[in-house]
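The structure under discussion appears below in the form of structure tokens.
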Amino acid sequence: MPVPAAQGVHRRDLLRDRVYASLRDAIVEGTLAPGEQLRDADLEAWLGVSRTPIREALQRLEQVGLVTTRPGRSTSVTPIDSETTRHAQQVAAGLQELAVRLAVPRMGEQDLAAMRGANERFAAALDAQDTVAALSADDDFHAVALRAAGNPLLRAHFAQVSPVLRRVELRRFGSGAGRASVEQHERVLAACAAGDVETAARAVRENWHSLQEP
């Protein structure tokens, strides 16, 4: 077959994704604080890569609402804004509810075990006051329905709104308010195990709508 002229495409994609993930996580975890200016030279020195993948990552971060760019002037970490968070929360809740509706009839014991294990890790991380581990476990819990739903567009759209919410979740999981999510997850899991689509959808919607800054 004819070979496209471009070479090394996947290697460049992997690098771009790694740079994006590093910057995203630094913003979510607060290493790069709201309002902080992001200078190309500083980011190059930190990440050890050229300016091109950094610029590409910053464009993606602007699309998901984590950075703000003023052309020709500066790029900075976007402050946590209640209205932006609410909008992202509404979309995330709708996507997760749809995912659960599609996923429940398709779920097997392996999916339920993955949800159960993720929630156990989530509870343990909250007890240990390890908010980063709690965030990862929460991601794993909700990822099960997104995968089981069988619709890749759900995952793609959720990836667009979740970075904004991760900063708020991190604060929530560092407070006593985060503990309520353990019980909410258990209600989602019980309904999924029972094959009760409506109860599972309502429970996951309530879980996402309970997200608010402590």
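Chains: A, B, ... in order of the structure tokens. Residues: from 1 per chain. Ligands: from 1, in order shown.
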I'd like the neighbourhood of A:Gly30 as a short mmCIF file (atom, residue, chain, number, x, y, z; two decimals) with N, CA and C atoms, in the first residue's frame, where a residue qualifies if any of its atoms comes within 12 Å (using only C-alpha atoms), though same-chain residues fewer than 4 positions away should be ignored.
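File produced: out.cif:
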data_model
loop_
_atom_site.label_atom_id
_atom_site.label_comp_id
_atom_site.auth_asym_id
_atom_site.auth_seq_id
_atom_site.Cartn_x
_atom_site.Cartn_y
_atom_site.Cartn_z
N LEU A 23 1.29 18.90 32.33
CA LEU A 23 0.80 20.25 32.62
C LEU A 23 -0.58 20.19 33.28
N ARG A 24 -1.46 19.35 32.75
CA ARG A 24 -2.80 19.22 33.33
C ARG A 24 -2.72 18.80 34.79
N ASP A 25 -1.91 17.80 35.09
CA ASP A 25 -1.83 17.31 36.46
C ASP A 25 -1.22 18.36 37.39
N ALA A 26 -0.24 19.11 36.88
CA ALA A 26 0.37 20.16 37.71
C ALA A 26 -0.63 21.25 38.04
N PRO A 34 -3.64 28.83 40.34
CA PRO A 34 -4.52 29.73 39.58
C PRO A 34 -3.91 31.14 39.47
N GLY A 35 -3.91 31.68 38.26
CA GLY A 35 -3.35 32.99 38.01
C GLY A 35 -1.88 33.00 37.67
N GLU A 36 -1.19 31.88 37.87
CA GLU A 36 0.25 31.83 37.61
C GLU A 36 0.53 31.91 36.11
N LEU A 66 -8.44 25.21 31.40
CA LEU A 66 -7.46 25.25 32.48
C LEU A 66 -6.44 26.38 32.33
N VAL A 77 -2.60 30.22 34.27
CA VAL A 77 -3.54 29.22 34.77
C VAL A 77 -4.87 29.90 35.08
N THR A 78 -5.94 29.35 34.56
CA THR A 78 -7.26 29.94 34.76
C THR A 78 -7.69 29.82 36.23
N PRO A 79 -8.19 30.89 36.83
CA PRO A 79 -8.72 30.79 38.19
C PRO A 79 -9.91 29.83 38.24
N ILE A 80 -10.15 29.25 39.40
CA ILE A 80 -11.32 28.38 39.58
C ILE A 80 -12.55 29.28 39.63
N THR A 131 -5.33 12.89 48.77
CA THR A 131 -6.33 13.39 47.82
C THR A 131 -6.02 13.02 46.38
N VAL A 132 -4.74 12.93 46.03
CA VAL A 132 -4.39 12.56 44.66
C VAL A 132 -4.81 11.12 44.38
N ARG A 166 -11.73 18.40 38.01
CA ARG A 166 -10.73 17.71 38.83
C ARG A 166 -10.16 18.64 39.91
N ARG A 167 -10.02 19.92 39.59
CA ARG A 167 -9.48 20.84 40.61
C ARG A 167 -10.47 20.99 41.77
N VAL A 168 -11.76 21.03 41.46
CA VAL A 168 -12.77 21.15 42.52
C VAL A 168 -12.88 19.84 43.29
N LEU A 170 -10.51 17.72 43.80
CA LEU A 170 -9.33 17.59 44.66
C LEU A 170 -9.55 18.33 45.98
N ARG A 171 -10.15 19.50 45.91
CA ARG A 171 -10.46 20.25 47.13
C ARG A 171 -11.53 19.53 47.96
#
Inset, instruction - Determine, counting only C-alpha atoms, which protein, DNA and RNA residues have an atom within 8 Å of an atom of A:His142; residues of the same chain fewer than 4 positions away are not included. Present the result as a VMD selection string. - result: chain A and resid 96 115 138 146
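Nearest residue to A:Ala103, choosing from A:Leu14, A:Leu43, A:Ala148, A:Leu58 and counting only C-alpha atoms: A:Ala148.
Interatomic distance, atom CA of A:Arg73 to atom CA of A:Leu38: 11.1 Å.
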Inset, instruction - Would you kindly return, as a PyMOL selection string, each protein, DNA or RNA residue with an atom no farther than 12 Å from any atom of A:His87, considering only C-alpha atoms and excluding same-chain residues fewer than 2 positions away? - result: chain A and resi 64-65+81-85+89-94+161-162+164-165+208-209+211
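Of all the residues in stretch 24-190 of chain A, the ones DSSP labels as strand (DSSP E) from the backbone are Val67, Thr68, Thr69, Arg70, Ser74, Thr75, Ser76 and Val77 of chain A.
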Could you dump the residues just selected with N, CA and C atoms as a PDB file, in the first residue's frame?
ATOM      1  N   VAL A  67      -6.257  26.902  31.127  1.00  0.00           N
ATOM      2  CA  VAL A  67      -5.370  28.045  30.948  1.00  0.00           C
ATOM      3  C   VAL A  67      -6.078  29.114  30.124  1.00  0.00           C
ATOM      4  N   THR A  68      -5.614  30.332  30.279  1.00  0.00           N
ATOM      5  CA  THR A  68      -6.149  31.470  29.533  1.00  0.00           C
ATOM      6  C   THR A  68      -5.005  32.134  28.794  1.00  0.00           C
ATOM      7  N   THR A  69      -5.184  32.351  27.503  1.00  0.00           N
ATOM      8  CA  THR A  69      -4.133  32.959  26.687  1.00  0.00           C
ATOM      9  C   THR A  69      -4.576  34.325  26.195  1.00  0.00           C
ATOM     10  N   ARG A  70      -3.706  35.289  26.390  1.00  0.00           N
ATOM     11  CA  ARG A  70      -3.908  36.614  25.806  1.00  0.00           C
ATOM     12  C   ARG A  70      -2.880  36.750  24.686  1.00  0.00           C
ATOM     13  N   SER A  74       0.436  36.933  27.281  1.00  0.00           N
ATOM     14  CA  SER A  74       0.783  35.940  28.292  1.00  0.00           C
ATOM     15  C   SER A  74      -0.193  34.782  28.284  1.00  0.00           C
ATOM     16  N   THR A  75       0.241  33.684  28.894  1.00  0.00           N
ATOM     17  CA  THR A  75      -0.616  32.524  29.147  1.00  0.00           C
ATOM     18  C   THR A  75      -0.556  32.244  30.638  1.00  0.00           C
ATOM     19  N   SER A  76      -1.703  32.066  31.261  1.00  0.00           N
ATOM     20  CA  SER A  76      -1.728  31.847  32.706  1.00  0.00           C
ATOM     21  C   SER A  76      -2.745  30.776  33.062  1.00  0.00           C
ATOM     22  N   VAL A  77      -2.604  30.224  34.265  1.00  0.00           N
ATOM     23  CA  VAL A  77      -3.540  29.221  34.767  1.00  0.00           C
ATOM     24  C   VAL A  77      -4.866  29.904  35.078  1.00  0.00           C
TER      25      VAL A  77
END
Inset, instruction - Taking the chain letters and numbering used in this document, name the residues of stretch 16-138 of chain A that DSSP puts in alpha helix (DSSP H), as a count of residues only. - result: 83
Inset, instruction - Considering only C-alpha atoms, return as JSON, numbers by chain whatever protein or nucleic-acid residues lie within 10 Å of stretch 135-137 of chain A, sequence-local ones (same chain, fewer than 5 positions apart) excluded. - result: {"A": [115, 117, 118, 119, 120, 121, 122, 123, 124, 125, 126, 130, 142, 143, 166, 167, 169, 170, 171, 172, 173, 174]}
Neighbour list for stretch 154-156 of chain A as an mmCIF file with N, CA and C atoms, in the first residue's frame, cut-off 9 Å, only C-alpha atoms, skip fewer than 3 positions in-chain:
data_model
loop_
_atom_site.group_PDB
_atom_site.id
_atom_site.type_symbol
_atom_site.label_atom_id
_atom_site.label_comp_id
_atom_site.auth_asym_id
_atom_site.auth_seq_id
_atom_site.Cartn_x
_atom_site.Cartn_y
_atom_site.Cartn_z
ATOM 1 N N LEU A 95 -23.441 13.294 30.804
ATOM 2 C CA LEU A 95 -22.684 12.256 30.121
ATOM 3 C C LEU A 95 -22.599 10.987 30.967
ATOM 4 N N GLN A 96 -22.363 11.149 32.259
ATOM 5 C CA GLN A 96 -22.257 9.979 33.124
ATOM 6 C C GLN A 96 -23.603 9.265 33.262
ATOM 7 N N LEU A 98 -25.967 9.150 30.975
ATOM 8 C CA LEU A 98 -26.159 8.415 29.725
ATOM 9 C C LEU A 98 -25.272 7.183 29.680
ATOM 10 N N ALA A 99 -24.040 7.330 30.142
ATOM 11 C CA ALA A 99 -23.118 6.191 30.156
ATOM 12 C C ALA A 99 -23.675 5.050 30.999
ATOM 13 N N ALA A 143 -14.924 5.551 35.271
ATOM 14 C CA ALA A 143 -14.455 5.094 33.958
ATOM 15 C C ALA A 143 -15.079 3.762 33.558
ATOM 16 N N LEU A 146 -18.212 4.403 31.581
ATOM 17 C CA LEU A 146 -17.857 5.011 30.300
ATOM 18 C C LEU A 146 -17.343 3.961 29.321
ATOM 19 N N ARG A 147 -16.565 3.003 29.824
ATOM 20 C CA ARG A 147 -16.062 1.924 28.958
ATOM 21 C C ARG A 147 -17.180 0.954 28.588
ATOM 22 N N ALA A 149 -20.295 1.336 28.405
ATOM 23 C CA ALA A 149 -21.366 1.900 27.572
ATOM 24 C C ALA A 149 -21.163 1.580 26.103
ATOM 25 N N GLY A 150 -19.910 1.383 25.703
ATOM 26 C CA GLY A 150 -19.627 1.014 24.319
ATOM 27 C C GLY A 150 -19.700 2.158 23.333
ATOM 28 N N ASN A 151 -19.707 3.404 23.826
ATOM 29 C CA ASN A 151 -19.780 4.576 22.954
ATOM 30 C C ASN A 151 -18.552 5.443 23.192
ATOM 31 N N ALA A 159 -13.799 13.669 28.559
ATOM 32 C CA ALA A 159 -12.411 14.120 28.703
ATOM 33 C C ALA A 159 -12.275 15.619 28.491
ATOM 34 N N GLN A 160 -13.231 16.214 27.781
ATOM 35 C CA GLN A 160 -13.196 17.651 27.540
ATOM 36 C C GLN A 160 -13.602 18.461 28.767
#
Inset, instruction - Find the distance between atom CA of A:Phe158 and atom CA of A:Ala180 and write it in Å to one decimal. - result: 22.4 Å
